[in-house]
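Peer 1: Below is the file start-v8.pdb, which contains PDB, C-alpha atoms and all ligand atoms.
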```pdb
MODEL        1
ATOM      1  CA  MET A  41      13.934  -7.182 -13.382  1.00  0.00           C
ATOM      2  CA  ALA A  42      11.579  -4.283 -14.045  1.00  0.00           C
ATOM      3  CA  GLY A  43      12.484  -1.689 -16.568  1.00  0.00           C
ATOM      4  CA  ASN A  44      15.422  -2.683 -18.710  1.00  0.00           C
ATOM      5  CA  ALA A  45      14.682  -0.490 -21.699  1.00  0.00           C
ATOM      6  CA  HIS A  46      17.772  -1.587 -23.565  1.00  0.00           C
ATOM      7  CA  SER A  47      16.683  -5.126 -24.272  1.00  0.00           C
ATOM      8  CA  ASN A  48      13.614  -4.368 -26.412  1.00  0.00           C
ATOM      9  CA  SER A  49      15.170  -5.548 -29.629  1.00  0.00           C
ATOM     10  CA  LYS A  50      15.708  -9.032 -28.262  1.00  0.00           C
ATOM     11  CA  MET A  51      12.046  -9.492 -27.439  1.00  0.00           C
ATOM     12  CA  GLY A  52      10.750 -10.069 -30.930  1.00  0.00           C
ATOM     13  CA  TYR A  53       7.547  -8.137 -30.164  1.00  0.00           C
ATOM     14  CA  PRO A  54       6.709  -4.656 -31.341  1.00  0.00           C
ATOM     15  CA  ILE A  55       6.890  -2.265 -28.403  1.00  0.00           C
ATOM     16  CA  PRO A  56       4.704   0.628 -29.509  1.00  0.00           C
ATOM     17  CA  ALA A  57       4.060   3.734 -27.493  1.00  0.00           C
ATOM     18  CA  LEU A  58       0.682   4.156 -25.862  1.00  0.00           C
ATOM     19  CA  PHE A  59      -1.570   6.854 -27.323  1.00  0.00           C
ATOM     20  CA  ALA A  60      -4.136   8.129 -24.888  1.00  0.00           C
ATOM     21  CA  SER A  61      -6.683  10.913 -24.635  1.00  0.00           C
ATOM     22  CA  HIS A  62      -6.340  13.350 -21.743  1.00  0.00           C
ATOM     23  CA  ARG A  63      -9.972  12.699 -20.831  1.00  0.00           C
ATOM     24  CA  VAL A  64      -9.393   8.978 -20.283  1.00  0.00           C
ATOM     25  CA  TRP A  65      -6.113   9.631 -18.502  1.00  0.00           C
ATOM     26  CA  LYS A  66      -7.768  12.066 -16.094  1.00  0.00           C
ATOM     27  CA  GLU A  67     -10.622   9.678 -15.417  1.00  0.00           C
ATOM     28  CA  MET A  68      -8.153   6.899 -14.659  1.00  0.00           C
ATOM     29  CA  LEU A  69      -6.419   9.102 -12.074  1.00  0.00           C
ATOM     30  CA  ILE A  70      -9.766  10.110 -10.549  1.00  0.00           C
ATOM     31  CA  HIS A  71     -10.799   6.464 -10.267  1.00  0.00           C
ATOM     32  CA  CYS A  72      -7.551   5.601  -8.493  1.00  0.00           C
ATOM     33  CA  LEU A  73      -7.923   8.522  -6.079  1.00  0.00           C
ATOM     34  CA  GLU A  74     -11.539   7.602  -5.352  1.00  0.00           C
ATOM     35  CA  GLU A  75     -10.647   4.019  -4.458  1.00  0.00           C
ATOM     36  CA  ARG A  76      -7.904   5.009  -2.068  1.00  0.00           C
ATOM     37  CA  PRO A  77      -6.839   3.472   0.365  1.00  0.00           C
ATOM     38  CA  TYR A  78      -7.582   0.412  -1.794  1.00  0.00           C
ATOM     39  CA  GLU A  79      -6.005  -0.405  -5.118  1.00  0.00           C
ATOM     40  CA  ALA A  80      -8.168   0.526  -8.086  1.00  0.00           C
ATOM     41  CA  CYS A  81      -8.133  -1.449 -11.324  1.00  0.00           C
ATOM     42  CA  GLY A  82      -9.573  -1.078 -14.777  1.00  0.00           C
ATOM     43  CA  LEU A  83      -9.245  -1.636 -18.502  1.00  0.00           C
ATOM     44  CA  LEU A  84      -8.630   0.720 -21.419  1.00  0.00           C
ATOM     45  CA  SER A  85      -9.747   0.139 -24.964  1.00  0.00           C
ATOM     46  CA  GLY A  86      -9.558   1.869 -28.295  1.00  0.00           C
ATOM     47  CA  ARG A  87      -8.897   1.622 -31.977  1.00  0.00           C
ATOM     48  CA  MET A  88      -5.527   1.435 -33.693  1.00  0.00           C
ATOM     49  CA  GLY A  89      -3.692   1.579 -30.380  1.00  0.00           C
ATOM     50  CA  ARG A  90      -5.388   4.828 -29.361  1.00  0.00           C
ATOM     51  CA  VAL A  91      -6.953   4.670 -25.922  1.00  0.00           C
ATOM     52  CA  GLU A  92     -10.433   6.156 -26.077  1.00  0.00           C
ATOM     53  CA  THR A  93     -12.523   4.270 -23.519  1.00  0.00           C
ATOM     54  CA  ILE A  94     -12.013   3.504 -19.851  1.00  0.00           C
ATOM     55  CA  TRP A  95     -13.692   0.659 -18.005  1.00  0.00           C
ATOM     56  CA  ARG A  96     -13.633   0.840 -14.229  1.00  0.00           C
ATOM     57  CA  MET A  97     -13.344  -2.638 -12.775  1.00  0.00           C
ATOM     58  CA  VAL A  98     -14.170  -3.894  -9.297  1.00  0.00           C
ATOM     59  CA  ASN A  99     -11.159  -4.826  -7.207  1.00  0.00           C
ATOM     60  CA  VAL A 100     -12.504  -8.047  -5.725  1.00  0.00           C
ATOM     61  CA  ASP A 101      -9.591  -8.103  -3.263  1.00  0.00           C
ATOM     62  CA  ARG A 102     -10.592  -4.706  -1.847  1.00  0.00           C
ATOM     63  CA  SER A 103      -7.011  -4.409  -0.650  1.00  0.00           C
ATOM     64  CA  PRO A 104      -4.415  -1.623  -0.367  1.00  0.00           C
ATOM     65  CA  VAL A 105      -1.702  -3.944  -1.710  1.00  0.00           C
ATOM     66  CA  SER A 106      -3.338  -6.131  -4.368  1.00  0.00           C
ATOM     67  CA  PHE A 107      -6.094  -6.290  -6.942  1.00  0.00           C
ATOM     68  CA  TYR A 108      -8.095  -9.000  -8.612  1.00  0.00           C
ATOM     69  CA  MET A 109     -10.629  -8.516 -11.393  1.00  0.00           C
ATOM     70  CA  ASP A 110     -13.758 -10.644 -11.470  1.00  0.00           C
ATOM     71  CA  PRO A 111     -13.536 -12.946 -14.544  1.00  0.00           C
ATOM     72  CA  GLU A 112     -17.278 -12.510 -15.102  1.00  0.00           C
ATOM     73  CA  GLN A 113     -16.903  -8.728 -15.249  1.00  0.00           C
ATOM     74  CA  ILE A 114     -13.900  -9.089 -17.560  1.00  0.00           C
ATOM     75  CA  ARG A 115     -16.019 -11.193 -19.936  1.00  0.00           C
ATOM     76  CA  THR A 116     -18.816  -8.628 -19.901  1.00  0.00           C
ATOM     77  CA  VAL A 117     -16.449  -5.739 -20.560  1.00  0.00           C
ATOM     78  CA  PHE A 118     -14.590  -7.598 -23.324  1.00  0.00           C
ATOM     79  CA  GLN A 119     -17.963  -8.169 -24.981  1.00  0.00           C
ATOM     80  CA  ALA A 120     -18.786  -4.462 -24.722  1.00  0.00           C
ATOM     81  CA  ILE A 121     -15.354  -3.516 -26.096  1.00  0.00           C
ATOM     82  CA  GLN A 122     -15.937  -5.779 -29.076  1.00  0.00           C
ATOM     83  CA  GLU A 123     -19.397  -4.310 -29.662  1.00  0.00           C
ATOM     84  CA  ARG A 124     -17.829  -0.852 -29.852  1.00  0.00           C
ATOM     85  CA  GLY A 125     -15.396  -2.115 -32.488  1.00  0.00           C
ATOM     86  CA  GLU A 126     -12.497  -1.514 -30.107  1.00  0.00           C
ATOM     87  CA  GLN A 127      -9.669  -3.639 -28.757  1.00  0.00           C
ATOM     88  CA  LEU A 128      -8.100  -3.974 -25.355  1.00  0.00           C
ATOM     89  CA  ALA A 129      -5.313  -1.399 -25.170  1.00  0.00           C
ATOM     90  CA  GLY A 130      -4.422  -1.182 -21.505  1.00  0.00           C
ATOM     91  CA  VAL A 131      -4.763  -2.593 -18.018  1.00  0.00           C
ATOM     92  CA  TYR A 132      -4.366  -0.174 -15.128  1.00  0.00           C
ATOM     93  CA  HIS A 133      -4.222  -0.393 -11.376  1.00  0.00           C
ATOM     94  CA  SER A 134      -3.050   1.834  -8.563  1.00  0.00           C
ATOM     95  CA  HIS A 135      -0.373   1.599  -5.925  1.00  0.00           C
ATOM     96  CA  PRO A 136      -1.799   3.707  -3.094  1.00  0.00           C
ATOM     97  CA  THR A 137       1.523   3.935  -1.240  1.00  0.00           C
ATOM     98  CA  ALA A 138       4.132   2.321  -3.509  1.00  0.00           C
ATOM     99  CA  PRO A 139       6.006   3.677  -6.541  1.00  0.00           C
ATOM    100  CA  PRO A 140       4.639   3.097 -10.086  1.00  0.00           C
ATOM    101  CA  ILE A 141       6.711  -0.016 -10.638  1.00  0.00           C
ATOM    102  CA  PRO A 142       5.210  -3.460 -11.303  1.00  0.00           C
ATOM    103  CA  SER A 143       5.413  -5.828  -8.374  1.00  0.00           C
ATOM    104  CA  LYS A 144       6.480  -9.455  -8.752  1.00  0.00           C
ATOM    105  CA  GLU A 145       2.780 -10.376  -8.671  1.00  0.00           C
ATOM    106  CA  ASP A 146       1.888  -7.717 -11.262  1.00  0.00           C
ATOM    107  CA  ILE A 147       4.382  -9.297 -13.638  1.00  0.00           C
ATOM    108  CA  ALA A 148       3.421 -12.879 -12.810  1.00  0.00           C
ATOM    109  CA  TYR A 149      -0.294 -12.258 -13.453  1.00  0.00           C
ATOM    110  CA  ALA A 150       0.083 -10.070 -16.553  1.00  0.00           C
ATOM    111  CA  THR A 151      -1.727 -12.031 -19.252  1.00  0.00           C
ATOM    112  CA  TYR A 152      -2.131  -9.555 -22.127  1.00  0.00           C
ATOM    113  CA  PRO A 153       1.182  -9.009 -23.946  1.00  0.00           C
ATOM    114  CA  GLU A 154      -0.600  -6.772 -26.467  1.00  0.00           C
ATOM    115  CA  ALA A 155      -1.807  -4.358 -23.780  1.00  0.00           C
ATOM    116  CA  ALA A 156      -0.035  -1.567 -21.944  1.00  0.00           C
ATOM    117  CA  TYR A 157       0.179  -2.017 -18.189  1.00  0.00           C
ATOM    118  CA  LEU A 158      -0.278   1.251 -16.356  1.00  0.00           C
ATOM    119  CA  ILE A 159       0.468   1.679 -12.692  1.00  0.00           C
ATOM    120  CA  VAL A 160      -0.783   4.803 -10.974  1.00  0.00           C
ATOM    121  CA  SER A 161       1.209   5.633  -7.873  1.00  0.00           C
ATOM    122  CA  LEU A 162      -0.486   7.752  -5.230  1.00  0.00           C
ATOM    123  CA  ALA A 163       2.567   7.733  -2.967  1.00  0.00           C
ATOM    124  CA  ASN A 164       3.272  11.407  -3.652  1.00  0.00           C
ATOM    125  CA  LYS A 165       1.077  14.497  -3.749  1.00  0.00           C
ATOM    126  CA  GLN A 166       0.750  14.269  -7.526  1.00  0.00           C
ATOM    127  CA  PRO A 167      -0.142  10.870  -8.997  1.00  0.00           C
ATOM    128  CA  THR A 168       2.599   9.402 -11.155  1.00  0.00           C
ATOM    129  CA  VAL A 169       2.010   6.774 -13.824  1.00  0.00           C
ATOM    130  CA  GLY A 170       4.351   4.060 -14.999  1.00  0.00           C
ATOM    131  CA  SER A 171       3.643   2.507 -18.428  1.00  0.00           C
ATOM    132  CA  TYR A 172       4.922  -0.896 -19.419  1.00  0.00           C
ATOM    133  CA  ARG A 173       4.523  -3.843 -21.680  1.00  0.00           C
ATOM    134  CA  ILE A 174       4.830  -7.062 -19.734  1.00  0.00           C
ATOM    135  CA  ILE A 175       6.044  -9.823 -22.009  1.00  0.00           C
ATOM    136  CA  ASP A 176       7.619 -13.135 -21.087  1.00  0.00           C
ATOM    137  CA  GLN A 177       7.657 -12.174 -17.413  1.00  0.00           C
ATOM    138  CA  ARG A 178       9.499  -8.935 -18.063  1.00  0.00           C
ATOM    139  CA  ALA A 179       8.320  -5.361 -17.720  1.00  0.00           C
ATOM    140  CA  ILE A 180       9.505  -2.967 -20.415  1.00  0.00           C
ATOM    141  CA  PRO A 181       8.834   0.770 -19.970  1.00  0.00           C
ATOM    142  CA  ILE A 182       6.959   2.359 -22.865  1.00  0.00           C
ATOM    143  CA  PRO A 183       6.341   6.013 -23.702  1.00  0.00           C
ATOM    144  CA  VAL A 184       2.891   7.592 -23.495  1.00  0.00           C
ATOM    145  CA  THR A 185       1.736  10.193 -25.993  1.00  0.00           C
ATOM    146  CA  PHE A 186      -1.491  12.203 -25.839  1.00  0.00           C
ATOM    147  CA  PHE A 187      -3.570  12.853 -28.923  1.00  0.00           C
ATOM    148  CA  ALA A 188      -6.330  15.037 -27.463  1.00  0.00           C
TER     149      ALA A 188
HETATM  150 ZN    ZN A 201       0.695  -3.561  -8.557  1.00  0.00          ZN
ENDMDL
END
```
If you took the structure in this file and wrote it as C-alpha cells, what would it be?
Peer 2:
Amino acid sequence: MAGNAHSNSKMGYPIPALFASHRVWKEMLIHCLEERPYEACGLLSGRMGRVETIWRMVNVDRSPVSFYMDPEQIRTVFQAIQERGEQLAGVYHSHPTAPPIPSKEDIAYATYPEAAYLIVSLANKQPTVGSYRIIDQRAIPIPVTFFA
C-alpha cells in the first residue's frame, strides 16, 4: 500500500515536506553509489526540519537487497546528533537495482514516524530518490525542497 497521497488527512500526523541542503543530498547519492552493489544506509539530522548533516551508517547485512544498522552505531550517532543540537530528520538507504519505493520490510521496520524515509534507486543511469513518511505501517510520499 505504498504511496496513497490522498489519505494524509486521516492520519492525524503532520506530514511536512523535507528541507534539505544540496550538499547533503549530493553526499547521500555519492554514498549510495560507492556502496554499490550493496545497499547503503544512513541517517540525516538537522534543526527545525532542515537537513544539514549526513551520517553514513554501516550496512551490517552487506547485501544488495537489504540493510541493517548496528544498534551500537545508532546510539553513538544519536548521541552526536544531540550534541550538535540537532534532531533526527531522515533515514536513507539505497535500492541498487529496484525502484525508489519502500519494500514490505522497509515499511515493517520503519521505527521513526517523525523522520523522512528516503530511498535512493540506482536502477537507472541517474539516481532517483523517493521520499516518504512511514506511519502506522503506511508509506506516504512527501515533497522535498532545497534551501541551499
Ligand atoms: Zn528498501
Peer 1: Applied to the shown file, which residues does the PyMOL selection byres (((chain A and resi 61) around 10) and not hetatm) return, written as a PyMOL selection string?
Peer 2: chain A and resi 59-60+62-66+90-93+185-188
Peer 1: I need the output of the PyMOL selection byres (((chain A and resi 143-148) around 12) and not hetatm) for this file as a PyMOL selection string; which residues are they?
Peer 2: chain A and resi 41-43+81+105-108+131-135+138-142+149-153+157-159+170+172-180
Peer 1: Which centre and which edge lengths, in Å to one decimal, describe the axis-aligned box that holds all listed atoms of stretch 144-153 of chain A after 6 Å is added on each side, as AutoDock Vina command-line options?
Peer 2:
```
--center_x 2.2 --center_y -10.3 --center_z -16.3 --size_x 20.6 --size_y 17.2 --size_z 27.3
```
Peer 1: Could you tell me which residues the PyMOL selection byres (((chain A and resi 77) around 12) and not hetatm) returns for this structure, as a list in words?
Peer 2: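 Given this file, the PyMOL selection byres (((chain A and resi 77) around 12) and not hetatm) evaluates to His71, Cys72, Leu73, Glu74, Glu75, Arg76, Tyr78, Glu79, Ala80, Arg102, Ser103, Pro104, Val105, Ser106, Ser134, His135, Pro136, Thr137, Ala138, Ser161, Leu162 and Ala163 of chain A.
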Peer 1: Considering all atoms listed in the file, state which residue in the set A:Ile70, A:Gln113, A:Asn99, A:Lys165 is at the smallest distance from ligand ZN 201 (chain A).
Peer 2: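 The closest residue to ligand ZN 201 (chain A) is A:Asn99.
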Peer 1: Just checking: using all atoms listed in the file, which residue out of A:Ile182, A:Leu83, A:Val98, A:Ala156 ends up closest to A:Asp110?
Peer 2: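 Using all atoms listed in the file, A:Asp110 sits closest to A:Val98.
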Peer 1: From the list A:Val160, A:Thr168, A:Met68, A:Glu112, which residue is nearest ligand ZN 201 (chain A) when using all atoms listed in the file?
Peer 2: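 Closest residue, counting all atoms listed in the file: A:Val160.
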Peer 1: Select, from A:Met97, A:Met88, A:Leu69, A:Leu128, the residue with the minimum atom-to-atom distance to A:Pro56, counting only C-alpha atoms.
Peer 2: A:Met88
Peer 1: Quick check, in Å to one decimal: how far apart do atom CA of A:Ile94 and atom CA of A:Val117 lie?
Peer 2: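 Pair atom CA of A:Ile94 / atom CA of A:Val117 returns 10.3 Å.
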Peer 1: Counting all atoms listed in the file, figure out which residue out of A:Ser171, A:Arg96, A:Arg124, A:Gly89 gets nearest to ligand ZN 201 (chain A).
Peer 2: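 Among the listed residues, A:Ser171 lies closest to ligand ZN 201 (chain A).
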Peer 1: Could you check which of A:Ala129, A:Asp101, A:Trp95, A:Glu67 is closest to A:Thr116, using all atoms listed in the file?
Peer 2: A:Trp95
Peer 1: Please indicate the distance in Å from atom CA of A:Leu84 to atom CA of A:Ile121, rounded to one decimal place.
Peer 2: 9.2 Å
